Amino acid sequence: MSKFWVITKQVYKRRVKTKSFLISLLFPVLIAALIAGIPKMVDYFDSSSDITKIAILSDNPVFVKALTADKKHFQVDTNIKDKKAAQSALEKAKIDGFVTITEKNDTVSAIYTTQETAGQNVMTRLTEDLTATKIAEKSADYKITNAELQSITSPVSVTNDLESNNQLTNHEKDVMSAAVVILTLVIFIFVMSYANIVASEIATEKGTRIMEVILSSVSATTHLFAKLTAIIFMLLTQISFYILCGAVVLVVGRNTEMVQNILDQIAVFKAYYLVLNLLFVILGLLLYILLAAMIGSMVPNVETVAQFIYPMTILAIIGYWGSIAAANAPDNLLVIIGSYIPTFSPMMMLARMDLLSVSTIGIFSSLAILLLSVIGAFFLTVRLYQGNVLLYSNEGLWKTWKTSLSYAKRK
């Protein structure tokens, strides 16, 4: 047991001190901070340009007065009275644009002239101000009171009454869809990074041909378990760091609108689904780590790791894109089949489950298949590793796989 912990500590310390691990640890945090800060940065840099400088060309002073009163969005140059003066001011950048308002046969139309394409916010605000002014003017002409006008224009309230208990509201669907995208992306990134780490860790010692020396003092099984334990500790370290960062953000910014929105979205998840999501993530990562260890034991040197691990990379990519398909068409036949295949189910079944598109029996059936696959992969990896660590073959993955199986059968 002491040899087991010696190898575990040595591998763990060596790996967590690498620059690549520190970059992979901090990069997602920096990206999350950047995404969270983008709206505030946009607001900060756009704060000075929130007010649009315009001129108004209209024979009706009511429209001029209405837009002039909207000082929060517009700064109206009242000295400009004709189109020639407006065009001159626009060319000299004294105004951002000018509005030409015409009335014909009780129809009001407006043209906003600018040097560059007008922003959607400006166009929307102009439309709202002019429409509200027109409604108010016509209401006065027709002698409609404000109360009557409000009664006429008030929207009809339409709500969705769900008879079934296993359906999501629109808000819940939005939250679940976002959660599916984030969780499947997290699984995919961790699978890609840690599968490569596991395979490279095992292949490094094979490439230097010191495996014979190591196995003279420790068994192949202990050697494998120690390395896998060290990699799992690395994974737990990274996850714990993210949990700690999340906890700090929640505590420090508990009174901010952003944190409150995050908490409201988390509240949509039932504890039942949180546990199931966690199980699929953990088992999925374990399966891919074990497959990577199995493949790594067949690799003759570090240079061929990418070549040998390529088929597993393809499986992970299919699973990730399958989860996107499952989020859009959870009842598609290929999606349903894929959600029960162990290499795909951690992402595809997770997507179908979170969108309530699969029964409880289906969820637990997929989870049971995944669990049995992890157990089977564990015993198969242990069995093959004992012969593979001393197997140096440059014949490619499939021929090496056949040779490895033949060695295992002899034992």
# chains A, B, ... in the order shown; residues from 1 in each chain; ligands from 1

$ residues_around --residues "Val122 (chain A)" --least-positions-apart "2" --cutoff "10 Å" --atoms "only C-alpha atoms" --output "list in words"
Asp50, Ile51, Thr52, His73, Phe74, Tyr112, Ala118, Gly119, Gln120, Thr124, Arg125, Leu126, Thr127 and Glu128 of chain A

$ atom_distance --atom1 "CA of Val186 (chain A)" --atom2 "CA of Phe225 (chain A)"
24.9 Å

$ select_by_dssp --residues "region 75-165 of chain A" --states "strand (DSSP E)" --output "PyMOL selection string"
chain A and resi 75-76+97-104+107-114

$ write_last_selection --atoms "all heavy atoms" --output "short mmCIF file (atom, residue, chain, number, x, y, z; two decimals), in the first residue's frame"
data_model
loop_
_atom_site.label_atom_id
_atom_site.label_comp_id
_atom_site.auth_asym_id
_atom_site.auth_seq_id
_atom_site.Cartn_x
_atom_site.Cartn_y
_atom_site.Cartn_z
N GLN A 75 -31.30 63.94 -28.17
CA GLN A 75 -30.97 65.35 -28.02
C GLN A 75 -31.34 66.02 -29.34
O GLN A 75 -30.68 65.83 -30.35
CB GLN A 75 -29.49 65.54 -27.70
CG GLN A 75 -29.08 66.99 -27.52
CD GLN A 75 -27.60 67.15 -27.24
OE1 GLN A 75 -26.95 66.21 -26.77
NE2 GLN A 75 -27.05 68.31 -27.55
N VAL A 76 -32.40 66.80 -29.32
CA VAL A 76 -32.96 67.38 -30.55
C VAL A 76 -32.39 68.77 -30.78
O VAL A 76 -32.42 69.63 -29.89
CB VAL A 76 -34.50 67.44 -30.47
CG1 VAL A 76 -35.07 68.06 -31.75
CG2 VAL A 76 -35.08 66.05 -30.24
N GLY A 97 -28.35 61.95 -37.03
CA GLY A 97 -29.34 61.71 -38.07
C GLY A 97 -30.49 62.68 -37.96
O GLY A 97 -30.59 63.44 -36.99
N PHE A 98 -31.38 62.67 -38.95
CA PHE A 98 -32.56 63.52 -38.86
C PHE A 98 -33.80 62.73 -39.30
O PHE A 98 -33.73 61.86 -40.17
CB PHE A 98 -32.41 64.82 -39.68
CG PHE A 98 -32.20 64.62 -41.16
CD1 PHE A 98 -33.28 64.55 -42.04
CD2 PHE A 98 -30.91 64.53 -41.68
CE1 PHE A 98 -33.09 64.39 -43.39
CE2 PHE A 98 -30.70 64.36 -43.04
CZ PHE A 98 -31.79 64.28 -43.91
N VAL A 99 -34.91 63.07 -38.65
CA VAL A 99 -36.17 62.36 -38.87
C VAL A 99 -37.10 63.24 -39.69
O VAL A 99 -37.40 64.39 -39.29
CB VAL A 99 -36.86 61.99 -37.54
CG1 VAL A 99 -38.11 61.14 -37.80
CG2 VAL A 99 -35.90 61.27 -36.63
N THR A 100 -37.56 62.72 -40.81
CA THR A 100 -38.51 63.44 -41.66
C THR A 100 -39.88 62.79 -41.47
O THR A 100 -40.07 61.62 -41.83
CB THR A 100 -38.10 63.38 -43.13
OG1 THR A 100 -36.76 63.88 -43.27
CG2 THR A 100 -39.03 64.22 -43.99
N ILE A 101 -40.81 63.53 -40.88
CA ILE A 101 -42.14 63.00 -40.56
C ILE A 101 -43.16 63.61 -41.50
O ILE A 101 -43.25 64.83 -41.65
CB ILE A 101 -42.53 63.31 -39.10
CG1 ILE A 101 -41.46 62.77 -38.15
CG2 ILE A 101 -43.89 62.72 -38.76
CD1 ILE A 101 -41.64 63.20 -36.71
N THR A 102 -43.94 62.74 -42.16
CA THR A 102 -44.98 63.20 -43.08
C THR A 102 -46.32 62.60 -42.68
O THR A 102 -46.38 61.48 -42.16
CB THR A 102 -44.65 62.80 -44.53
OG1 THR A 102 -44.48 61.38 -44.60
CG2 THR A 102 -43.37 63.48 -45.00
N GLU A 103 -47.39 63.37 -42.95
CA GLU A 103 -48.75 62.92 -42.66
C GLU A 103 -49.58 63.04 -43.93
O GLU A 103 -49.62 64.11 -44.55
CB GLU A 103 -49.38 63.76 -41.55
CG GLU A 103 -48.69 63.62 -40.20
CD GLU A 103 -49.35 64.47 -39.13
OE1 GLU A 103 -50.43 64.07 -38.62
OE2 GLU A 103 -48.78 65.53 -38.80
N LYS A 104 -50.21 61.93 -44.31
CA LYS A 104 -51.04 61.94 -45.50
C LYS A 104 -52.19 60.97 -45.33
O LYS A 104 -51.98 59.78 -45.06
CB LYS A 104 -50.20 61.55 -46.72
CG LYS A 104 -50.93 61.69 -48.05
CD LYS A 104 -50.01 61.36 -49.21
CE LYS A 104 -50.72 61.53 -50.54
NZ LYS A 104 -49.83 61.22 -51.68
N THR A 107 -52.35 58.97 -42.26
CA THR A 107 -51.25 58.01 -42.12
C THR A 107 -49.96 58.76 -41.84
O THR A 107 -49.61 59.68 -42.58
CB THR A 107 -51.09 57.17 -43.40
OG1 THR A 107 -52.31 56.47 -43.66
CG2 THR A 107 -49.95 56.16 -43.23
N VAL A 108 -49.31 58.36 -40.78
CA VAL A 108 -48.06 59.00 -40.39
C VAL A 108 -46.89 58.08 -40.78
O VAL A 108 -46.90 56.89 -40.46
CB VAL A 108 -48.02 59.28 -38.88
CG1 VAL A 108 -46.68 59.93 -38.49
CG2 VAL A 108 -49.18 60.16 -38.46
N SER A 109 -45.90 58.64 -41.45
CA SER A 109 -44.70 57.87 -41.80
C SER A 109 -43.48 58.71 -41.46
O SER A 109 -43.53 59.94 -41.44
CB SER A 109 -44.70 57.51 -43.29
OG SER A 109 -44.70 58.68 -44.08
N ALA A 110 -42.38 58.03 -41.18
CA ALA A 110 -41.15 58.72 -40.79
C ALA A 110 -39.95 58.06 -41.46
O ALA A 110 -39.90 56.83 -41.59
CB ALA A 110 -41.00 58.72 -39.28
N ILE A 111 -39.00 58.88 -41.86
CA ILE A 111 -37.75 58.39 -42.44
C ILE A 111 -36.61 58.93 -41.60
O ILE A 111 -36.49 60.15 -41.41
CB ILE A 111 -37.59 58.85 -43.90
CG1 ILE A 111 -38.74 58.31 -44.77
CG2 ILE A 111 -36.24 58.39 -44.46
CD1 ILE A 111 -38.72 58.83 -46.19
N TYR A 112 -35.76 58.02 -41.11
CA TYR A 112 -34.61 58.42 -40.29
C TYR A 112 -33.37 58.33 -41.16
O TYR A 112 -32.94 57.24 -41.55
CB TYR A 112 -34.50 57.51 -39.07
CG TYR A 112 -33.36 57.87 -38.14
CD1 TYR A 112 -33.17 59.18 -37.71
CD2 TYR A 112 -32.47 56.90 -37.69
CE1 TYR A 112 -32.13 59.52 -36.86
CE2 TYR A 112 -31.42 57.23 -36.83
CZ TYR A 112 -31.26 58.54 -36.42
OH TYR A 112 -30.23 58.88 -35.57
N THR A 113 -32.80 59.47 -41.49
CA THR A 113 -31.65 59.55 -42.38
C THR A 113 -30.35 59.62 -41.58
O THR A 113 -30.22 60.47 -40.69
CB THR A 113 -31.76 60.79 -43.29
OG1 THR A 113 -33.02 60.77 -43.98
CG2 THR A 113 -30.62 60.82 -44.30
N THR A 114 -29.41 58.75 -41.90
CA THR A 114 -28.13 58.70 -41.19
C THR A 114 -26.99 58.45 -42.18
O THR A 114 -27.23 58.06 -43.34
CB THR A 114 -28.12 57.57 -40.14
OG1 THR A 114 -28.37 56.32 -40.79
CG2 THR A 114 -29.18 57.81 -39.06
#

$ residues_around --residues "region 285-287 of chain A" --least-positions-apart "5" --cutoff "7 Å" --atoms "only C-alpha atoms" --output "list in words"
Val191, Val374 and Ala377 of chain A

$ write_last_selection --atoms "N, CA and C atoms" --output "compact mmCIF listing (two decimals), in the first residue's frame"
# COMPACT_ATOMS: atom_id res chain seq x y z
N VAL A 191 -13.37 15.21 -20.81
CA VAL A 191 -13.03 13.94 -21.46
C VAL A 191 -11.81 14.12 -22.36
N VAL A 374 -18.87 0.76 -17.09
CA VAL A 374 -17.72 1.26 -16.32
C VAL A 374 -17.06 0.10 -15.57
N ALA A 377 -15.33 -2.08 -18.15
CA ALA A 377 -14.12 -1.41 -18.63
C ALA A 377 -13.02 -1.46 -17.59

$ atom_distance --atom1 "CA of Ser20 (chain A)" --atom2 "CA of Thr221 (chain A)"
27.9 Å

$ atom_distance --atom1 "CA of Arg14 (chain A)" --atom2 "CA of Leu384 (chain A)"
26.0 Å

$ decode --residues "region 108-121 of chain A" --atoms "N, CA, C and O atoms" --output "PDB file, in the first residue's frame"
ATOM      1  N   VAL A 108     -49.309  58.358 -40.783  1.00  0.00           N
ATOM      2  CA  VAL A 108     -48.056  59.003 -40.388  1.00  0.00           C
ATOM      3  C   VAL A 108     -46.890  58.084 -40.777  1.00  0.00           C
ATOM      4  O   VAL A 108     -46.902  56.893 -40.464  1.00  0.00           O
ATOM      5  N   SER A 109     -45.898  58.636 -41.455  1.00  0.00           N
ATOM      6  CA  SER A 109     -44.704  57.874 -41.799  1.00  0.00           C
ATOM      7  C   SER A 109     -43.476  58.713 -41.463  1.00  0.00           C
ATOM      8  O   SER A 109     -43.530  59.939 -41.438  1.00  0.00           O
ATOM      9  N   ALA A 110     -42.382  58.034 -41.180  1.00  0.00           N
ATOM     10  CA  ALA A 110     -41.148  58.724 -40.792  1.00  0.00           C
ATOM     11  C   ALA A 110     -39.950  58.058 -41.460  1.00  0.00           C
ATOM     12  O   ALA A 110     -39.902  56.828 -41.589  1.00  0.00           O
ATOM     13  N   ILE A 111     -39.003  58.880 -41.865  1.00  0.00           N
ATOM     14  CA  ILE A 111     -37.751  58.391 -42.444  1.00  0.00           C
ATOM     15  C   ILE A 111     -36.607  58.926 -41.603  1.00  0.00           C
ATOM     16  O   ILE A 111     -36.491  60.151 -41.410  1.00  0.00           O
ATOM     17  N   TYR A 112     -35.763  58.016 -41.109  1.00  0.00           N
ATOM     18  CA  TYR A 112     -34.610  58.418 -40.293  1.00  0.00           C
ATOM     19  C   TYR A 112     -33.372  58.329 -41.162  1.00  0.00           C
ATOM     20  O   TYR A 112     -32.943  57.245 -41.552  1.00  0.00           O
ATOM     21  N   THR A 113     -32.799  59.466 -41.485  1.00  0.00           N
ATOM     22  CA  THR A 113     -31.650  59.549 -42.384  1.00  0.00           C
ATOM     23  C   THR A 113     -30.352  59.620 -41.581  1.00  0.00           C
ATOM     24  O   THR A 113     -30.222  60.473 -40.694  1.00  0.00           O
ATOM     25  N   THR A 114     -29.409  58.750 -41.899  1.00  0.00           N
ATOM     26  CA  THR A 114     -28.126  58.704 -41.189  1.00  0.00           C
ATOM     27  C   THR A 114     -26.993  58.446 -42.178  1.00  0.00           C
ATOM     28  O   THR A 114     -27.230  58.059 -43.335  1.00  0.00           O
ATOM     29  N   GLN A 115     -25.770  58.659 -41.715  1.00  0.00           N
ATOM     30  CA  GLN A 115     -24.589  58.352 -42.529  1.00  0.00           C
ATOM     31  C   GLN A 115     -24.278  56.862 -42.468  1.00  0.00           C
ATOM     32  O   GLN A 115     -23.802  56.280 -43.444  1.00  0.00           O
ATOM     33  N   GLU A 116     -24.506  56.247 -41.327  1.00  0.00           N
ATOM     34  CA  GLU A 116     -24.277  54.820 -41.125  1.00  0.00           C
ATOM     35  C   GLU A 116     -25.586  54.146 -40.741  1.00  0.00           C
ATOM     36  O   GLU A 116     -26.559  54.824 -40.397  1.00  0.00           O
ATOM     37  N   THR A 117     -25.593  52.823 -40.788  1.00  0.00           N
ATOM     38  CA  THR A 117     -26.796  52.082 -40.437  1.00  0.00           C
ATOM     39  C   THR A 117     -27.203  52.385 -38.998  1.00  0.00           C
ATOM     40  O   THR A 117     -26.386  52.297 -38.077  1.00  0.00           O
ATOM     41  N   ALA A 118     -28.468  52.743 -38.821  1.00  0.00           N
ATOM     42  CA  ALA A 118     -28.961  53.091 -37.484  1.00  0.00           C
ATOM     43  C   ALA A 118     -29.081  51.846 -36.623  1.00  0.00           C
ATOM     44  O   ALA A 118     -29.422  50.761 -37.117  1.00  0.00           O
ATOM     45  N   GLY A 119     -28.795  52.003 -35.342  1.00  0.00           N
ATOM     46  CA  GLY A 119     -28.935  50.887 -34.412  1.00  0.00           C
ATOM     47  C   GLY A 119     -30.391  50.510 -34.197  1.00  0.00           C
ATOM     48  O   GLY A 119     -31.300  51.357 -34.316  1.00  0.00           O
ATOM     49  N   GLN A 120     -30.617  49.253 -33.864  1.00  0.00           N
ATOM     50  CA  GLN A 120     -31.983  48.774 -33.656  1.00  0.00           C
ATOM     51  C   GLN A 120     -32.653  49.488 -32.487  1.00  0.00           C
ATOM     52  O   GLN A 120     -33.856  49.757 -32.524  1.00  0.00           O
ATOM     53  N   ASN A 121     -31.871  49.810 -31.462  1.00  0.00           N
ATOM     54  CA  ASN A 121     -32.440  50.497 -30.295  1.00  0.00           C
ATOM     55  C   ASN A 121     -32.985  51.867 -30.666  1.00  0.00           C
ATOM     56  O   ASN A 121     -34.055  52.275 -30.192  1.00  0.00           O
TER      57      ASN A 121
END
